[in-house]
Amino acid sequence: MATTIERILSKLAKQSELERSGKSQAASGEEMLAITYDTGKLFEILLIAMKAKRILEIGTSVGYSTLWFANALVYNNSMESINIKPIITVEMNPSKIKRASENFAEAGVENLIEVLEGNAKTVLHDILKDFKRTEGVQKTDGLFDFIFLDADKECLTEYFDMVLPILRIGGIIATDNMLYPEEYRGFMSEYANYIRSDNSVKTVTVAIGNGEELTTKLF
Ligand SMILES: C[S@@+](CC[C@H](N)C(=O)[O-])C[C@H]1O[C@@H](n2cnc3c(N)ncnc32)[C@H](O)[C@@H]1O
């Protein structure tokens, strides 16, 4: 039987499909722009396999991908082990934050997710500052197992440099839209070249959904 999270995921997947097929049209700036079902499933499997406890997401929209993360963490029973919310997700559009928060509450996982409102670069800067301040204390606990980059594509290399120090060794950075839509190709190939020149990571583009880059940190 489907869990409450799975029911909300399925409702949002239908809404996303209607938008993608053009059968329903969201107001400009209010589109879901969500990952595909297959991508969500892939992330869920990775998160369960790696026994993930902490996740950072850049680009919440209305929370579809975030709910896949929450589903995996509930399965992992990861939410009890630390006294901070295990998922941090960043979004700059207040009306999307409102919709995401409603979806999280409806799915019963609002206690697992901290939504940070603001421009990703500013918010990441604050997270890093916080991390450096408490580095001695939390050393490994403070690190993320999985970081999802799914906001503005022109800033990807900067986001990569900012998040790499707060990813644990063996953790994964996933990046959406490596293959589609085609209008992003320029930014995505610049990003792909950039991360391939970093010998502290191994990375591959997986042809699932809109194309996912999966990058793991070696040291
Ligand atoms: C592709 S959507 C995220 C979709 C979501 N991850 C999912 O799969 O359900 C990208 C989101 O990033 C937000 N965004 C874009 N640039 C941003 C920035 N610089 N800072 C914070 N949020 C940003 C947009 O408002 C949009 O909601």
# chains A, B, ... in the order shown; residues from 1 in each chain; ligands from 1
>>> residues_near_ligand(ligand="ligand 1", cutoff="7 Å", atoms="only C-alpha atoms and all ligand atoms", output="list in words")
Met32, Leu33, Ala34, Ile35, Ile58, Gly59, Thr60, Ser61, Val62, Gly63, Tyr64, Ser65, Thr66, Val90, Glu91, Met92, Asn93, Lys96, Gly118, Asn119, Ala120, Lys121, Asp150, Ala151 and Asp152 of chain A
>>> residues_around(residues="Ile127 of chain A", least_positions_apart="4", cutoff="12 Å", atoms="only C-alpha atoms", output="ChimeraX atom specification")
/A:56,88-90,116,120-123,131-135,142-144,162-163,165-166
>>> write_last_selection(atoms="N, CA and C atoms", output="PDB file, in the first residue's frame")
ATOM      1  N   LEU A  56      21.411  18.011   0.807  1.00  0.00           N
ATOM      2  CA  LEU A  56      21.272  19.440   0.493  1.00  0.00           C
ATOM      3  C   LEU A  56      20.772  19.555  -0.941  1.00  0.00           C
ATOM      4  N   ILE A  88      18.116  19.912   3.778  1.00  0.00           N
ATOM      5  CA  ILE A  88      18.062  21.371   3.610  1.00  0.00           C
ATOM      6  C   ILE A  88      17.801  21.619   2.133  1.00  0.00           C
ATOM      7  N   THR A  89      16.811  22.454   1.834  1.00  0.00           N
ATOM      8  CA  THR A  89      16.525  22.758   0.441  1.00  0.00           C
ATOM      9  C   THR A  89      16.387  24.271   0.259  1.00  0.00           C
ATOM     10  N   VAL A  90      16.925  24.771  -0.847  1.00  0.00           N
ATOM     11  CA  VAL A  90      17.040  26.226  -1.051  1.00  0.00           C
ATOM     12  C   VAL A  90      16.195  26.661  -2.249  1.00  0.00           C
ATOM     13  N   LEU A 116      15.221  26.861   3.035  1.00  0.00           N
ATOM     14  CA  LEU A 116      15.904  28.141   3.205  1.00  0.00           C
ATOM     15  C   LEU A 116      15.560  29.024   2.015  1.00  0.00           C
ATOM     16  N   ALA A 120      20.564  31.214  -3.970  1.00  0.00           N
ATOM     17  CA  ALA A 120      21.381  30.056  -3.605  1.00  0.00           C
ATOM     18  C   ALA A 120      22.801  30.451  -3.193  1.00  0.00           C
ATOM     19  N   LYS A 121      23.377  31.414  -3.906  1.00  0.00           N
ATOM     20  CA  LYS A 121      24.773  31.758  -3.613  1.00  0.00           C
ATOM     21  C   LYS A 121      24.896  32.332  -2.195  1.00  0.00           C
ATOM     22  N   THR A 122      23.961  33.210  -1.831  1.00  0.00           N
ATOM     23  CA  THR A 122      23.985  33.815  -0.497  1.00  0.00           C
ATOM     24  C   THR A 122      23.746  32.757   0.567  1.00  0.00           C
ATOM     25  N   VAL A 123      22.755  31.903   0.315  1.00  0.00           N
ATOM     26  CA  VAL A 123      22.420  30.871   1.303  1.00  0.00           C
ATOM     27  C   VAL A 123      23.592  29.898   1.470  1.00  0.00           C
ATOM     28  N   PHE A 131      29.402  26.154   8.721  1.00  0.00           N
ATOM     29  CA  PHE A 131      30.149  24.902   8.739  1.00  0.00           C
ATOM     30  C   PHE A 131      31.563  25.142   9.261  1.00  0.00           C
ATOM     31  N   LYS A 132      32.197  26.223   8.760  1.00  0.00           N
ATOM     32  CA  LYS A 132      33.583  26.505   9.181  1.00  0.00           C
ATOM     33  C   LYS A 132      33.634  26.808  10.674  1.00  0.00           C
ATOM     34  N   ARG A 133      32.587  27.507  11.167  1.00  0.00           N
ATOM     35  CA  ARG A 133      32.544  27.890  12.570  1.00  0.00           C
ATOM     36  C   ARG A 133      32.494  26.650  13.471  1.00  0.00           C
ATOM     37  N   THR A 134      31.753  25.615  13.041  1.00  0.00           N
ATOM     38  CA  THR A 134      31.544  24.451  13.906  1.00  0.00           C
ATOM     39  C   THR A 134      32.352  23.239  13.442  1.00  0.00           C
ATOM     40  N   GLU A 135      33.269  23.470  12.502  1.00  0.00           N
ATOM     41  CA  GLU A 135      33.980  22.360  11.860  1.00  0.00           C
ATOM     42  C   GLU A 135      34.617  21.383  12.859  1.00  0.00           C
ATOM     43  N   GLY A 142      28.557  16.839  10.205  1.00  0.00           N
ATOM     44  CA  GLY A 142      28.020  18.020   9.520  1.00  0.00           C
ATOM     45  C   GLY A 142      28.043  17.907   8.008  1.00  0.00           C
ATOM     46  N   LEU A 143      28.708  16.884   7.489  1.00  0.00           N
ATOM     47  CA  LEU A 143      28.845  16.769   6.044  1.00  0.00           C
ATOM     48  C   LEU A 143      27.610  16.146   5.401  1.00  0.00           C
ATOM     49  N   PHE A 144      27.370  16.525   4.154  1.00  0.00           N
ATOM     50  CA  PHE A 144      26.219  15.984   3.435  1.00  0.00           C
ATOM     51  C   PHE A 144      26.624  14.699   2.697  1.00  0.00           C
ATOM     52  N   MET A 162      31.495  25.514  -4.195  1.00  0.00           N
ATOM     53  CA  MET A 162      31.020  25.840  -2.844  1.00  0.00           C
ATOM     54  C   MET A 162      30.604  24.584  -2.084  1.00  0.00           C
ATOM     55  N   VAL A 163      29.973  23.623  -2.785  1.00  0.00           N
ATOM     56  CA  VAL A 163      29.429  22.472  -2.038  1.00  0.00           C
ATOM     57  C   VAL A 163      30.424  21.326  -1.841  1.00  0.00           C
ATOM     58  N   PRO A 165      33.384  21.082  -0.497  1.00  0.00           N
ATOM     59  CA  PRO A 165      33.951  20.928   0.849  1.00  0.00           C
ATOM     60  C   PRO A 165      32.950  20.429   1.895  1.00  0.00           C
ATOM     61  N   ILE A 166      31.640  20.542   1.622  1.00  0.00           N
ATOM     62  CA  ILE A 166      30.674  20.087   2.640  1.00  0.00           C
ATOM     63  C   ILE A 166      30.026  18.753   2.251  1.00  0.00           C
TER      64      ILE A 166
END
>>> select_by_dssp(residues="segment 11-218 of chain A", states="strand (DSSP E or B)", output="VMD selection string")
chain A and resid 55 to 58 87 to 91 113 to 117 144 to 149 167 to 175 201 to 206 212 to 217
>>> residues_around(residues="Glu19 of chain A", least_positions_apart="5", cutoff="8 Å", atoms="only C-alpha atoms", output="list of chain:residue names")
A:Ser24, A:Gln25, A:Ala26, A:Glu31, A:Met32
>>> write_last_selection(atoms="C-alpha atoms", output="CSV table (one decimal), in the first residue's frame")
chain,number,residue,atom,x,y,z
A,24,SER,CA,-2.0,22.4,-18.2
A,25,GLN,CA,-0.2,25.7,-18.2
A,26,ALA,CA,1.3,27.3,-15.1
A,31,GLU,CA,6.2,26.0,-13.4
A,32,MET,CA,7.2,22.9,-11.4
>>> closest_atom_pairs(of="segment 157-177 of chain A", to="segment 183-189 of chain A", cutoff="10 Å", atoms="only C-alpha atoms", output="Markdown table")
| residue | atom | partner | partner_atom | distance |
| --- | --- | --- | --- | --- |
| A:Thr157 | CA | A:Phe187 | CA | 9.2 |
| A:Thr175 | CA | A:Met188 | CA | 9.4 |
| A:Asp176 | CA | A:Met188 | CA | 9.3 |
| A:Asn177 | CA | A:Tyr184 | CA | 7.4 |
>>> select_by_dssp(residues="segment 50-152 of chain A", states="alpha helix (DSSP H)", output="PyMOL selection string")
chain A and resi 64-76+94-107+120-138
>>> write_last_selection(atoms="C-alpha atoms", output="PDB file, in the first residue's frame")
ATOM      1  CA  TYR A  64       8.778  16.968  -5.823  1.00  0.00           C
ATOM      2  CA  SER A  65      12.473  15.952  -5.750  1.00  0.00           C
ATOM      3  CA  THR A  66      12.656  16.839  -2.035  1.00  0.00           C
ATOM      4  CA  LEU A  67       9.857  14.373  -1.324  1.00  0.00           C
ATOM      5  CA  TRP A  68      11.803  11.595  -3.063  1.00  0.00           C
ATOM      6  CA  PHE A  69      14.698  12.402  -0.724  1.00  0.00           C
ATOM      7  CA  ALA A  70      12.394  12.377   2.313  1.00  0.00           C
ATOM      8  CA  ASN A  71      10.975   9.010   1.233  1.00  0.00           C
ATOM      9  CA  ALA A  72      14.474   7.497   1.146  1.00  0.00           C
ATOM     10  CA  LEU A  73      15.453   8.995   4.504  1.00  0.00           C
ATOM     11  CA  VAL A  74      12.310   7.632   6.133  1.00  0.00           C
ATOM     12  CA  TYR A  75      13.214   4.220   4.704  1.00  0.00           C
ATOM     13  CA  ASN A  76      16.772   4.620   6.042  1.00  0.00           C
ATOM     14  CA  PRO A  94       8.298  32.612  -2.046  1.00  0.00           C
ATOM     15  CA  SER A  95       5.154  31.300  -3.746  1.00  0.00           C
ATOM     16  CA  LYS A  96       6.924  28.061  -4.650  1.00  0.00           C
ATOM     17  CA  ILE A  97       8.171  27.801  -1.052  1.00  0.00           C
ATOM     18  CA  LYS A  98       4.572  28.115   0.119  1.00  0.00           C
ATOM     19  CA  ARG A  99       3.454  25.329  -2.232  1.00  0.00           C
ATOM     20  CA  ALA A 100       6.437  23.145  -1.258  1.00  0.00           C
ATOM     21  CA  SER A 101       5.745  23.650   2.453  1.00  0.00           C
ATOM     22  CA  GLU A 102       2.097  22.658   1.935  1.00  0.00           C
ATOM     23  CA  ASN A 103       3.216  19.523   0.087  1.00  0.00           C
ATOM     24  CA  PHE A 104       5.694  18.626   2.849  1.00  0.00           C
ATOM     25  CA  ALA A 105       3.002  19.098   5.516  1.00  0.00           C
ATOM     26  CA  GLU A 106       0.495  17.030   3.529  1.00  0.00           C
ATOM     27  CA  ALA A 107       3.103  14.260   3.210  1.00  0.00           C
ATOM     28  CA  ALA A 120      21.381  30.056  -3.605  1.00  0.00           C
ATOM     29  CA  LYS A 121      24.773  31.758  -3.613  1.00  0.00           C
ATOM     30  CA  THR A 122      23.985  33.815  -0.497  1.00  0.00           C
ATOM     31  CA  VAL A 123      22.420  30.871   1.303  1.00  0.00           C
ATOM     32  CA  LEU A 124      25.358  28.586   0.433  1.00  0.00           C
ATOM     33  CA  HIS A 125      27.746  31.244   1.642  1.00  0.00           C
ATOM     34  CA  ASP A 126      25.930  31.264   5.027  1.00  0.00           C
ATOM     35  CA  ILE A 127      25.902  27.442   5.219  1.00  0.00           C
ATOM     36  CA  LEU A 128      29.663  27.386   4.550  1.00  0.00           C
ATOM     37  CA  LYS A 129      30.299  30.074   7.145  1.00  0.00           C
ATOM     38  CA  ASP A 130      28.322  28.075   9.681  1.00  0.00           C
ATOM     39  CA  PHE A 131      30.149  24.902   8.739  1.00  0.00           C
ATOM     40  CA  LYS A 132      33.583  26.505   9.181  1.00  0.00           C
ATOM     41  CA  ARG A 133      32.544  27.890  12.570  1.00  0.00           C
ATOM     42  CA  THR A 134      31.544  24.451  13.906  1.00  0.00           C
ATOM     43  CA  GLU A 135      33.980  22.360  11.860  1.00  0.00           C
ATOM     44  CA  GLY A 136      35.958  21.142  14.876  1.00  0.00           C
ATOM     45  CA  VAL A 137      32.804  19.935  16.625  1.00  0.00           C
ATOM     46  CA  GLN A 138      30.895  18.246  13.840  1.00  0.00           C
TER      47      GLN A 138
END
>>> decode(residues="segment 84-153 of chain A", atoms="C-alpha atoms", output="PDB file, in the first residue's frame")
ATOM      1  CA  ILE A  84      19.020  19.060  12.938  1.00  0.00           C
ATOM      2  CA  LYS A  85      16.651  18.580  10.020  1.00  0.00           C
ATOM      3  CA  PRO A  86      18.298  16.060   7.658  1.00  0.00           C
ATOM      4  CA  ILE A  87      17.228  17.753   4.432  1.00  0.00           C
ATOM      5  CA  ILE A  88      18.062  21.371   3.610  1.00  0.00           C
ATOM      6  CA  THR A  89      16.525  22.758   0.441  1.00  0.00           C
ATOM      7  CA  VAL A  90      17.040  26.226  -1.051  1.00  0.00           C
ATOM      8  CA  GLU A  91      14.542  28.219  -3.130  1.00  0.00           C
ATOM      9  CA  MET A  92      14.228  31.911  -3.933  1.00  0.00           C
ATOM     10  CA  ASN A  93      10.598  32.051  -5.094  1.00  0.00           C
ATOM     11  CA  PRO A  94       8.298  32.612  -2.046  1.00  0.00           C
ATOM     12  CA  SER A  95       5.154  31.300  -3.746  1.00  0.00           C
ATOM     13  CA  LYS A  96       6.924  28.061  -4.650  1.00  0.00           C
ATOM     14  CA  ILE A  97       8.171  27.801  -1.052  1.00  0.00           C
ATOM     15  CA  LYS A  98       4.572  28.115   0.119  1.00  0.00           C
ATOM     16  CA  ARG A  99       3.454  25.329  -2.232  1.00  0.00           C
ATOM     17  CA  ALA A 100       6.437  23.145  -1.258  1.00  0.00           C
ATOM     18  CA  SER A 101       5.745  23.650   2.453  1.00  0.00           C
ATOM     19  CA  GLU A 102       2.097  22.658   1.935  1.00  0.00           C
ATOM     20  CA  ASN A 103       3.216  19.523   0.087  1.00  0.00           C
ATOM     21  CA  PHE A 104       5.694  18.626   2.849  1.00  0.00           C
ATOM     22  CA  ALA A 105       3.002  19.098   5.516  1.00  0.00           C
ATOM     23  CA  GLU A 106       0.495  17.030   3.529  1.00  0.00           C
ATOM     24  CA  ALA A 107       3.103  14.260   3.210  1.00  0.00           C
ATOM     25  CA  GLY A 108       3.816  14.495   6.947  1.00  0.00           C
ATOM     26  CA  VAL A 109       7.545  15.181   6.493  1.00  0.00           C
ATOM     27  CA  GLU A 110       7.824  18.878   7.367  1.00  0.00           C
ATOM     28  CA  ASN A 111       9.897  17.893  10.427  1.00  0.00           C
ATOM     29  CA  LEU A 112      12.576  16.446   8.107  1.00  0.00           C
ATOM     30  CA  ILE A 113      12.951  19.402   5.773  1.00  0.00           C
ATOM     31  CA  GLU A 114      14.344  22.879   6.311  1.00  0.00           C
ATOM     32  CA  VAL A 115      13.479  25.238   3.477  1.00  0.00           C
ATOM     33  CA  LEU A 116      15.904  28.141   3.205  1.00  0.00           C
ATOM     34  CA  GLU A 117      14.562  31.096   1.253  1.00  0.00           C
ATOM     35  CA  GLY A 118      16.940  33.211  -0.775  1.00  0.00           C
ATOM     36  CA  ASN A 119      19.431  33.321  -3.571  1.00  0.00           C
ATOM     37  CA  ALA A 120      21.381  30.056  -3.605  1.00  0.00           C
ATOM     38  CA  LYS A 121      24.773  31.758  -3.613  1.00  0.00           C
ATOM     39  CA  THR A 122      23.985  33.815  -0.497  1.00  0.00           C
ATOM     40  CA  VAL A 123      22.420  30.871   1.303  1.00  0.00           C
ATOM     41  CA  LEU A 124      25.358  28.586   0.433  1.00  0.00           C
ATOM     42  CA  HIS A 125      27.746  31.244   1.642  1.00  0.00           C
ATOM     43  CA  ASP A 126      25.930  31.264   5.027  1.00  0.00           C
ATOM     44  CA  ILE A 127      25.902  27.442   5.219  1.00  0.00           C
ATOM     45  CA  LEU A 128      29.663  27.386   4.550  1.00  0.00           C
ATOM     46  CA  LYS A 129      30.299  30.074   7.145  1.00  0.00           C
ATOM     47  CA  ASP A 130      28.322  28.075   9.681  1.00  0.00           C
ATOM     48  CA  PHE A 131      30.149  24.902   8.739  1.00  0.00           C
ATOM     49  CA  LYS A 132      33.583  26.505   9.181  1.00  0.00           C
ATOM     50  CA  ARG A 133      32.544  27.890  12.570  1.00  0.00           C
ATOM     51  CA  THR A 134      31.544  24.451  13.906  1.00  0.00           C
ATOM     52  CA  GLU A 135      33.980  22.360  11.860  1.00  0.00           C
ATOM     53  CA  GLY A 136      35.958  21.142  14.876  1.00  0.00           C
ATOM     54  CA  VAL A 137      32.804  19.935  16.625  1.00  0.00           C
ATOM     55  CA  GLN A 138      30.895  18.246  13.840  1.00  0.00           C
ATOM     56  CA  LYS A 139      33.757  17.274  11.503  1.00  0.00           C
ATOM     57  CA  THR A 140      32.016  14.323   9.849  1.00  0.00           C
ATOM     58  CA  ASP A 141      28.415  14.625  11.138  1.00  0.00           C
ATOM     59  CA  GLY A 142      28.020  18.020   9.520  1.00  0.00           C
ATOM     60  CA  LEU A 143      28.845  16.769   6.044  1.00  0.00           C
ATOM     61  CA  PHE A 144      26.219  15.984   3.435  1.00  0.00           C
ATOM     62  CA  ASP A 145      25.870  12.542   1.848  1.00  0.00           C
ATOM     63  CA  PHE A 146      24.054  13.819  -1.235  1.00  0.00           C
ATOM     64  CA  ILE A 147      23.821  17.255  -2.808  1.00  0.00           C
ATOM     65  CA  PHE A 148      21.416  18.017  -5.651  1.00  0.00           C
ATOM     66  CA  LEU A 149      22.098  20.982  -7.954  1.00  0.00           C
ATOM     67  CA  ASP A 150      18.883  21.957  -9.728  1.00  0.00           C
ATOM     68  CA  ALA A 151      18.622  25.752  -9.870  1.00  0.00           C
ATOM     69  CA  ASP A 152      20.132  28.298 -12.302  1.00  0.00           C
ATOM     70  CA  LYS A 153      22.512  26.592 -14.707  1.00  0.00           C
TER      71      LYS A 153
END
